[in-house]
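Working notes, structure below.
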Amino acid sequence: MKSILTILIFLLACLTATPQEVTLTVDAPGTAAAGERFRVIYTINSTDGQFTPPKFDPAFTVQGPQQSTSRNVQWINGDVKTIATTTLIYYVTVSAPGTYTIPAAQFETKKAVVSSAERQIVITPAGQAAPATGQTQGQGQTRAAGDIPSAGTDVSLKLLFSDREVYAGEPITVTLKLYTRINLSGLQELRYPDFKGFLREDIESPPLRNLETEVIDGVQYGTGVVQRLVLYPQISGEIRIDPVEMTVLVQERTSAREPFFDDPFFDSFFSSVSTVPRKVVTQPVTIRVIPLPLPRPADFHGAVGSFVLESSLSSTESQLNDAITLKVVLKGSGSLNLAGEPLINFPQGIEKYDPKVTITSTGTSSGSKTFEYLLIPRNPGKFEIPPVSYTVFDPNQEKYVTLRSEGYEVNVSGTPGGTEGTDPVYIPGEDVKYLGQDIRFIRNGNGRLGTAAATLVTELHYWLWFALALFITAVVLLLRGEQIRRNADVAGVRNRKALRNARQRLARAEALLKGGKKGQVNAEVARALWGYLGDKLRIPPSEITRDRCYALLRQRNTGEELISELDRILTATEYSQYAPVSEGESPAALCKRADSLISRLDDVLD
Amino acid sequence: MRRTLLIQIILFAGLLSLAGQTPEERYSQAGVLYSSGDYSGAAAIYRKLYEEGFRSGDLFYNTGNAFFKSGDNASAILFYERAKLLSPADEDIDYNLQIARSRITDRLETVPQLFFVRWFDFLSLLASTNFWAVGAIVLFVLSLMFAVLFLTRARARGRLLSFWLSLATLLLSMLLISLSVRNNSLVNHNSRAVIMCSIVTGRSAPGETGNELFVLHSGTTVTVEQELGEFREVRLPDGNKGWIRADCMEKI
């Protein structure tokens with residue numbers, strides 16, 4: 001029962017409630033840009049009545065009204081208050097700038113007619129709209145990065161370089177770091193420049209989730225590393241690195257401009273938070289790259305940094321055709337990626353395959369690079385694997401450093417020609433490899449150092465030797481000529497006088513014959529003949545014999561008849577000397593025959 | 001500048017340490033320096049020996065090698081050319097000279113010498129000038145002896161033989177004299193020279209006024225034809241002529 005009573009009282013109260021005074025208010029901006037759409041809102045605290053819209057200026061393009069009504073009942077301290085509200089919203093666009101007046105609108109109830117106030121509105125030319133009217137973006141709306149406005153000083157992006165002055169090939173660690181003073185909801189687009197002149201390597205890093213707090217110049221920033229890179233300079237000189245661009249999503253409040261909550265307090269509650277993309281850009285940076293000093297050592301293969309070289313051999317004892325591996329490990333920090341393969345002169349008889357190269361990185365640009373050589377000994381015996389010499393450039397010491405690993409001696413056992421089923425390995429003949437060209441070595445013989453002797457041909461005394469030789473020859477010839485002449489005279493005289501001497505002797509023989517000394521005649525004839533032959537044939541008297549005379553006569557083409565005649569006479573003369581006269585020829589006849597023989601011989605012998 | 005200073009220091013130190021050593025010891029010490037890689041030091045000692053008047057094909061060959069290794073190509077060519085005059089048949093010298101020549105700037109078309117001139121020069125260089133000179137005297141004396149035989153021998157056959165022998169030895173003696181003279185002019189009065197300046201201009205007249213005709217670089221071999229004051233008229237291997245400053249070349 002009591003509840004029914006209560007309802008009745010409530011209803012009575014409603015009916016007895018005094019109606020409130022009716023008001024009509026208008027809300028419109030004081031300024032607007034030409035072409036911009038703005039709202040003109042009329043609010044009436046009553047629901048029943050007739051609203052007469054104002055007469056808008058013909059320059060106004062009006063849409064609407066959008067009408068809404070609301071009613072609520074308040075019960076305050078026993079007073080029941082009913083609030084009814086009618087809202088009419090007109091959307092207006094003005095194309096021509098100028099000052100306009102919005103005339104009063106009217107609301108007519110049963111009891112009275114109320115008018116709104118007149119409003120002045122200034123339409124400014126397009127583009128000069130006050131920032132306060134700035135555009136609001138819809139939630140989640142994205143635009144092309146190029147149109148995205150800069151985020152200003154609240155958000156900044158920095159490239160931090162480990163070094164700004166490096167040697168060519170020396171790695172630089174680059175950290176891309178974000179600084180922000182406002183809330184960011186995310187990172188969107190990261191655009192790197194092309195890093196001309198550098199070899200770029202990204203370091204895997206977890207995506208940025210939490211920002212750390214850092215205070216810079218008294219201002220608190222949230223910071224975070226976006227990305228780490230390693231750059232290897234490839235060319236020398238001043239190299240400019242273009243800015244890195246990134247789009248960040250900024251959380252921005254947009255005031256909703258609700259008519260009833262035109263108050264900052266309400267703003268904080270009811271304004272919407274939108275995410276807006278903003279562009280952030282780093283400053284361009286110039287890196288100075290110093291070229292590596294020349295001349296580069298022959299075994300420099302591009303490694304810049306500080307390294308150590310290690311090597312290991314799987315086994316120093318091997319069977320024929322069993323593979324062994326040589327590992328050469330380059331450890332340290334620097335341009336491992338650019339480090340080329342070391343040059344190892346493996347001995348002939350060991351087959352070498354191209355190395356397997358693996359890089360293990362333990363941090364930024366430091367780690368190790370392993371060159372694994374597969375070697376197959378093709379001949380038995382002892383082989384020496386020479387120490388590996390590898391030159392790197394150490395930027396800290398600013399010079400080339402040659403690293404050496406140890407050498408090995410490999411003992412290969414087994415017999416060539418294939419035992420135990422292995423096929424004999426055929427090593428084809430190879431052309432001799434010419435590796436380079438150099439001058440030949442010096443002579444290391446015992447120093448045979450001659451000094452320059454005086455030249456003979458330019459000296460006078462040299463030519464005097466020729467004159468001396470000529471002179472001696474001339475003297476020899478002169479002396480010899482004299483002797484010949486003398487010898488020739490003696491012979492000639494004897495030759496010329498031979499006939500005369502022989503005649504004289506014969507004449508003496510005849511005289512002896514007349515004188516009666518017959519015994520001496522034959523001896524005289526013999527003397528005449530021997531003397532003649534000796535003179536004519538140039539035989540000394542001591543050497544004269546019958547045979548020699550005959551030989552010489554034959555040489556001179558004397559007839560045999562003459563020679564036999566000579567022989568008979570000579571025999572007769574000799575015979576008569578030892579025998580009685582009567583038995584031989586008469587001495588007179590012998591004389592005559594000797595005389596005629598000499599005459600005939602003289603004709604022949606001249 | 002630092003390099004030349006270094007060479008001077010080495011030279012000075014070398015002179016100090018070498019004082020009192022025989023030339024042969026210094027020669028072998030230079031060989032040791034060369035083997036250990038100190039080419040400039042070796043070159044300095046060799047050069048000193050040359051300046052003291054020592055002459056041998058091996059010495060010049062080593063000097064050339066030391067200069068080549070220390071980077072002085074022009075001096076290397078100069079000494080190889082000198083070595084070639086003393087040992088013309090040494091194939092190593094030709095080889096090294098060819099390598100040194102391949103590293104100089106100027107490439108010139110060489111007009112080859114007539115073959116008999118080349119042969120004659122080669123023959124004359126096979127022995128020293130004095131060897132030829134003494135040989136000429138010996139042959140001349142032999143020739144005279146044959147002549148005496150020819151003039152005094154009575155028997156006809158012997159006479160004819162000695163006549164021809166005498167004539168042949170006389171001609172041979174004259175050949176040897178000309179070889180000796182040629183050798184002397186090649187070795188001691190060679191007209192060829194090697195350009196030592198890194199770059200030098202050949203002009204049409206002695207002095208700085210003549211028209212510029214050509215540019216030569218160090219290591220090129222030229223032939224000196226005339227001398228006038230500080231200038232020399234040179235003939236290039238390709239036959240062109242021009243005047244060059246005398247201090248830019250060194251005679252072989």
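By convention in this document, the chains of the structure tokens carry letters A, B, ... by their order, each chain's residues are numbered from 1, and ligands are numbered from 1 in the order they are shown.
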
Worksheet item: Please, which residues of chain A lie no more than 8 Å from chain B when the count uses only C-alpha atoms, and can they be set out as a PyMOL selection string?
Response: chain A and resi 438-444+446-452+455-457+465-466+469-470+473+476-477+480-481

Can you spit out the residues from that selection as a compact mmCIF listing (two decimals), in the first residue's frame, using N, CA and C atoms?
# COMPACT_ATOMS: atom_id res chain seq x y z
N ASP A 438 112.17 -12.34 -62.43
CA ASP A 438 113.11 -11.53 -61.67
C ASP A 438 114.47 -11.64 -62.35
N ILE A 439 115.34 -10.73 -61.99
CA ILE A 439 116.69 -10.80 -62.55
C ILE A 439 117.40 -11.99 -61.93
N ARG A 440 118.44 -12.44 -62.60
CA ARG A 440 119.19 -13.58 -62.07
C ARG A 440 120.14 -13.10 -60.98
N PHE A 441 120.58 -14.08 -60.20
CA PHE A 441 121.34 -13.73 -59.01
C PHE A 441 122.76 -13.29 -59.37
N ILE A 442 123.39 -12.65 -58.41
CA ILE A 442 124.75 -12.14 -58.64
C ILE A 442 125.74 -13.30 -58.68
N ARG A 443 126.94 -12.99 -59.19
CA ARG A 443 128.01 -13.98 -59.21
C ARG A 443 128.75 -13.89 -57.89
N ASN A 444 128.87 -15.03 -57.23
CA ASN A 444 129.54 -15.00 -55.96
C ASN A 444 130.91 -15.65 -56.02
N ASN A 446 135.01 -16.06 -56.44
CA ASN A 446 136.05 -15.30 -55.77
C ASN A 446 136.29 -14.03 -56.58
N GLY A 447 136.42 -12.96 -55.87
CA GLY A 447 136.54 -11.68 -56.56
C GLY A 447 137.73 -11.64 -57.51
N ARG A 448 137.45 -11.83 -58.77
CA ARG A 448 138.51 -11.64 -59.76
C ARG A 448 138.38 -10.22 -60.28
N LEU A 449 139.08 -9.33 -59.63
CA LEU A 449 138.91 -7.93 -59.97
C LEU A 449 140.12 -7.46 -60.75
N GLY A 450 139.94 -7.29 -62.04
CA GLY A 450 141.04 -6.74 -62.83
C GLY A 450 140.95 -5.24 -62.82
N THR A 451 142.08 -4.60 -62.77
CA THR A 451 142.05 -3.15 -62.96
C THR A 451 142.24 -2.89 -64.44
N ALA A 452 141.84 -1.74 -64.88
CA ALA A 452 141.96 -1.41 -66.29
C ALA A 452 143.44 -1.21 -66.62
N THR A 455 145.99 0.77 -72.40
CA THR A 455 145.68 0.19 -73.70
C THR A 455 146.92 0.23 -74.59
N LEU A 456 147.26 -0.92 -75.20
CA LEU A 456 148.48 -1.00 -75.99
C LEU A 456 148.36 -0.28 -77.32
N VAL A 457 147.19 -0.47 -77.98
CA VAL A 457 147.11 0.04 -79.36
C VAL A 457 147.26 1.55 -79.44
N TRP A 465 157.30 -2.07 -81.61
CA TRP A 465 157.58 -3.51 -81.67
C TRP A 465 157.48 -4.02 -83.10
N PHE A 466 156.47 -3.52 -83.81
CA PHE A 466 156.33 -3.92 -85.22
C PHE A 466 157.56 -3.47 -86.00
N ALA A 469 160.46 -5.66 -85.24
CA ALA A 469 160.37 -6.96 -85.90
C ALA A 469 160.76 -6.82 -87.37
N LEU A 470 160.24 -5.77 -87.99
CA LEU A 470 160.58 -5.53 -89.40
C LEU A 470 162.08 -5.33 -89.58
N THR A 473 164.03 -8.55 -89.24
CA THR A 473 163.84 -9.36 -90.44
C THR A 473 164.70 -8.84 -91.59
N VAL A 476 168.23 -9.83 -91.00
CA VAL A 476 168.40 -11.26 -91.26
C VAL A 476 168.46 -11.50 -92.76
N LEU A 477 167.55 -10.87 -93.47
CA LEU A 477 167.49 -11.07 -94.92
C LEU A 477 168.77 -10.58 -95.59
N ARG A 480 171.63 -12.95 -94.86
CA ARG A 480 171.39 -14.19 -95.60
C ARG A 480 171.71 -13.97 -97.09
N GLY A 481 171.29 -12.86 -97.60
CA GLY A 481 171.52 -12.55 -99.02
C GLY A 481 173.01 -12.47 -99.32

Worksheet item: Pick from A:Glu21, A:Asp547, A:Glu560, A:Glu510: nearest to Ala594 of chain A, with only C-alpha atoms counted?
Response: A:Glu510

Worksheet entry | Test item: residues at most 10 Å from Ile102 of chain A, only C-alpha atoms, excluding those fewer than 5 positions along its chain, as an MDAnalysis selection string | chainID A and resid 26 28 40 54:57 60 117:121

For C-alpha atoms, I'd like the residues from the last selection saved as a PDB file, in the first residue's frame.
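Listing of again-v8.pdb after writing:
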ATOM      1  CA  VAL A  26      23.663  29.476 -30.396  1.00  0.00           C
ATOM      2  CA  ALA A  28      29.297  28.997 -33.684  1.00  0.00           C
ATOM      3  CA  VAL A  40      26.395  26.123 -35.982  1.00  0.00           C
ATOM      4  CA  PRO A  54      17.729  31.845 -39.081  1.00  0.00           C
ATOM      5  CA  LYS A  55      17.971  33.315 -42.536  1.00  0.00           C
ATOM      6  CA  PHE A  56      21.539  32.254 -43.486  1.00  0.00           C
ATOM      7  CA  ASP A  57      23.528  34.496 -45.776  1.00  0.00           C
ATOM      8  CA  PHE A  60      26.524  30.021 -46.832  1.00  0.00           C
ATOM      9  CA  ALA A 117      21.594  36.046 -30.203  1.00  0.00           C
ATOM     10  CA  GLU A 118      23.092  37.163 -33.503  1.00  0.00           C
ATOM     11  CA  ARG A 119      26.613  35.905 -34.203  1.00  0.00           C
ATOM     12  CA  GLN A 120      29.416  37.467 -36.198  1.00  0.00           C
ATOM     13  CA  ILE A 121      31.699  35.134 -38.133  1.00  0.00           C
TER      14      ILE A 121
END

Item to complete: Could you find all residues in segment 221-419 of chain A that DSSP calls strand (DSSP E or B) from the backbone, and write them as a PyMOL selection string?
Response: chain A and resi 221-233+237-241+245-254+272-281+285-290+300-313+317-319+324-334+350-352+356-361+366-377+381-385+389-394+399-404+408-413

Worksheet entry | Selection: 10 Å around Glu351 of chain A, only C-alpha atoms, excl. self and same-chain fewer than 2 positions, as a PyMOL selection string | chain A and resi 321+323+346-349+353+374-379

Item to complete: Determine the nearest neighbour of Val117 of chain B from the options B:Leu179, B:Ala74, B:Ala83, B:Leu213, counting only C-alpha atoms.
Response: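 Between B:Leu179, B:Ala74, B:Ala83, B:Leu213, the residue approaching Val117 of chain B most closely is B:Leu179.
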
Item to complete: Would you return as number ranges by chain the members of segment 338-528 of chain A that DSSP assigns to alpha helix (DSSP H) on this structure's backbone?
Response: A: 460-514, 518-528

Practice prompt. Kindly give the distance, in Å, that separates atom CA of Arg278 of chain A and atom CA of Val155 of chain A, rounded to a single decimal.
Written response: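 Rounded to one decimal, the two atoms are 8.9 Å apart.
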
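Put simply, atom CA of Ser314 of chain A is 6.5 Å away from atom CA of Leu326 of chain A.
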
Worksheet item: Any idea what's packed within 8 Å of Asn72 of chain A, counting only C-alpha atoms, ignoring anything in its chain fewer than 4 positions away? Could you give it as a ChimeraX atom specification?
Response: /A:82-84

Worksheet item: Leaving out Val285 of chain A and any residue of its chain fewer than 5 positions from it, which residues lie within 10 Å of it when counting only C-alpha atoms, given as a VMD selection string?
Response: chain A and resid 159 to 161 164 239 to 243

Fill in: Point-to-point distance from atom CA of Arg485 of chain A to atom CA of Arg538 of chain A, Å rounded to tenths
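Rounded to one decimal, the two atoms are 15.4 Å apart.
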
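If only C-alpha atoms are the atoms counted, then among B:Gly202, B:Gly135, B:Gly207, B:Gly219 the closest residue to Arg235 of chain B is B:Gly202.
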
Discussion item. Residues near segment 514-518 of chain A, anyone? I mean within 10 Å using only C-alpha atoms, not counting same-chain ones fewer than 5 positions away, as a ChimeraX atom specification.
Written reply: /A:508-509,523,581,586-588

Saved selection, atoms kept: N, CA and C atoms, as a PDB file, in the first residue's frame:
ATOM      1  N   ARG A 508     198.763 -31.281-119.554  1.00  0.00           N
ATOM      2  CA  ARG A 508     199.911 -31.749-118.783  1.00  0.00           C
ATOM      3  C   ARG A 508     200.105 -33.251-118.993  1.00  0.00           C
ATOM      4  N   ALA A 509     198.976 -34.007-119.122  1.00  0.00           N
ATOM      5  CA  ALA A 509     199.088 -35.445-119.350  1.00  0.00           C
ATOM      6  C   ALA A 509     199.773 -35.731-120.690  1.00  0.00           C
ATOM      7  N   ALA A 523     197.036 -41.268-114.258  1.00  0.00           N
ATOM      8  CA  ALA A 523     196.678 -40.589-112.996  1.00  0.00           C
ATOM      9  C   ALA A 523     196.256 -39.143-113.256  1.00  0.00           C
ATOM     10  N   VAL A 581     201.334 -51.614-118.581  1.00  0.00           N
ATOM     11  CA  VAL A 581     200.799 -50.687-119.589  1.00  0.00           C
ATOM     12  C   VAL A 581     200.294 -51.425-120.821  1.00  0.00           C
ATOM     13  N   SER A 586     196.277 -47.624-124.810  1.00  0.00           N
ATOM     14  CA  SER A 586     197.440 -46.740-124.795  1.00  0.00           C
ATOM     15  C   SER A 586     197.071 -45.434-124.103  1.00  0.00           C
ATOM     16  N   PRO A 587     197.940 -44.872-123.329  1.00  0.00           N
ATOM     17  CA  PRO A 587     197.631 -43.613-122.621  1.00  0.00           C
ATOM     18  C   PRO A 587     197.252 -42.516-123.587  1.00  0.00           C
ATOM     19  N   ALA A 588     197.828 -42.523-124.760  1.00  0.00           N
ATOM     20  CA  ALA A 588     197.509 -41.449-125.714  1.00  0.00           C
ATOM     21  C   ALA A 588     196.041 -41.517-126.111  1.00  0.00           C
TER      22      ALA A 588
END
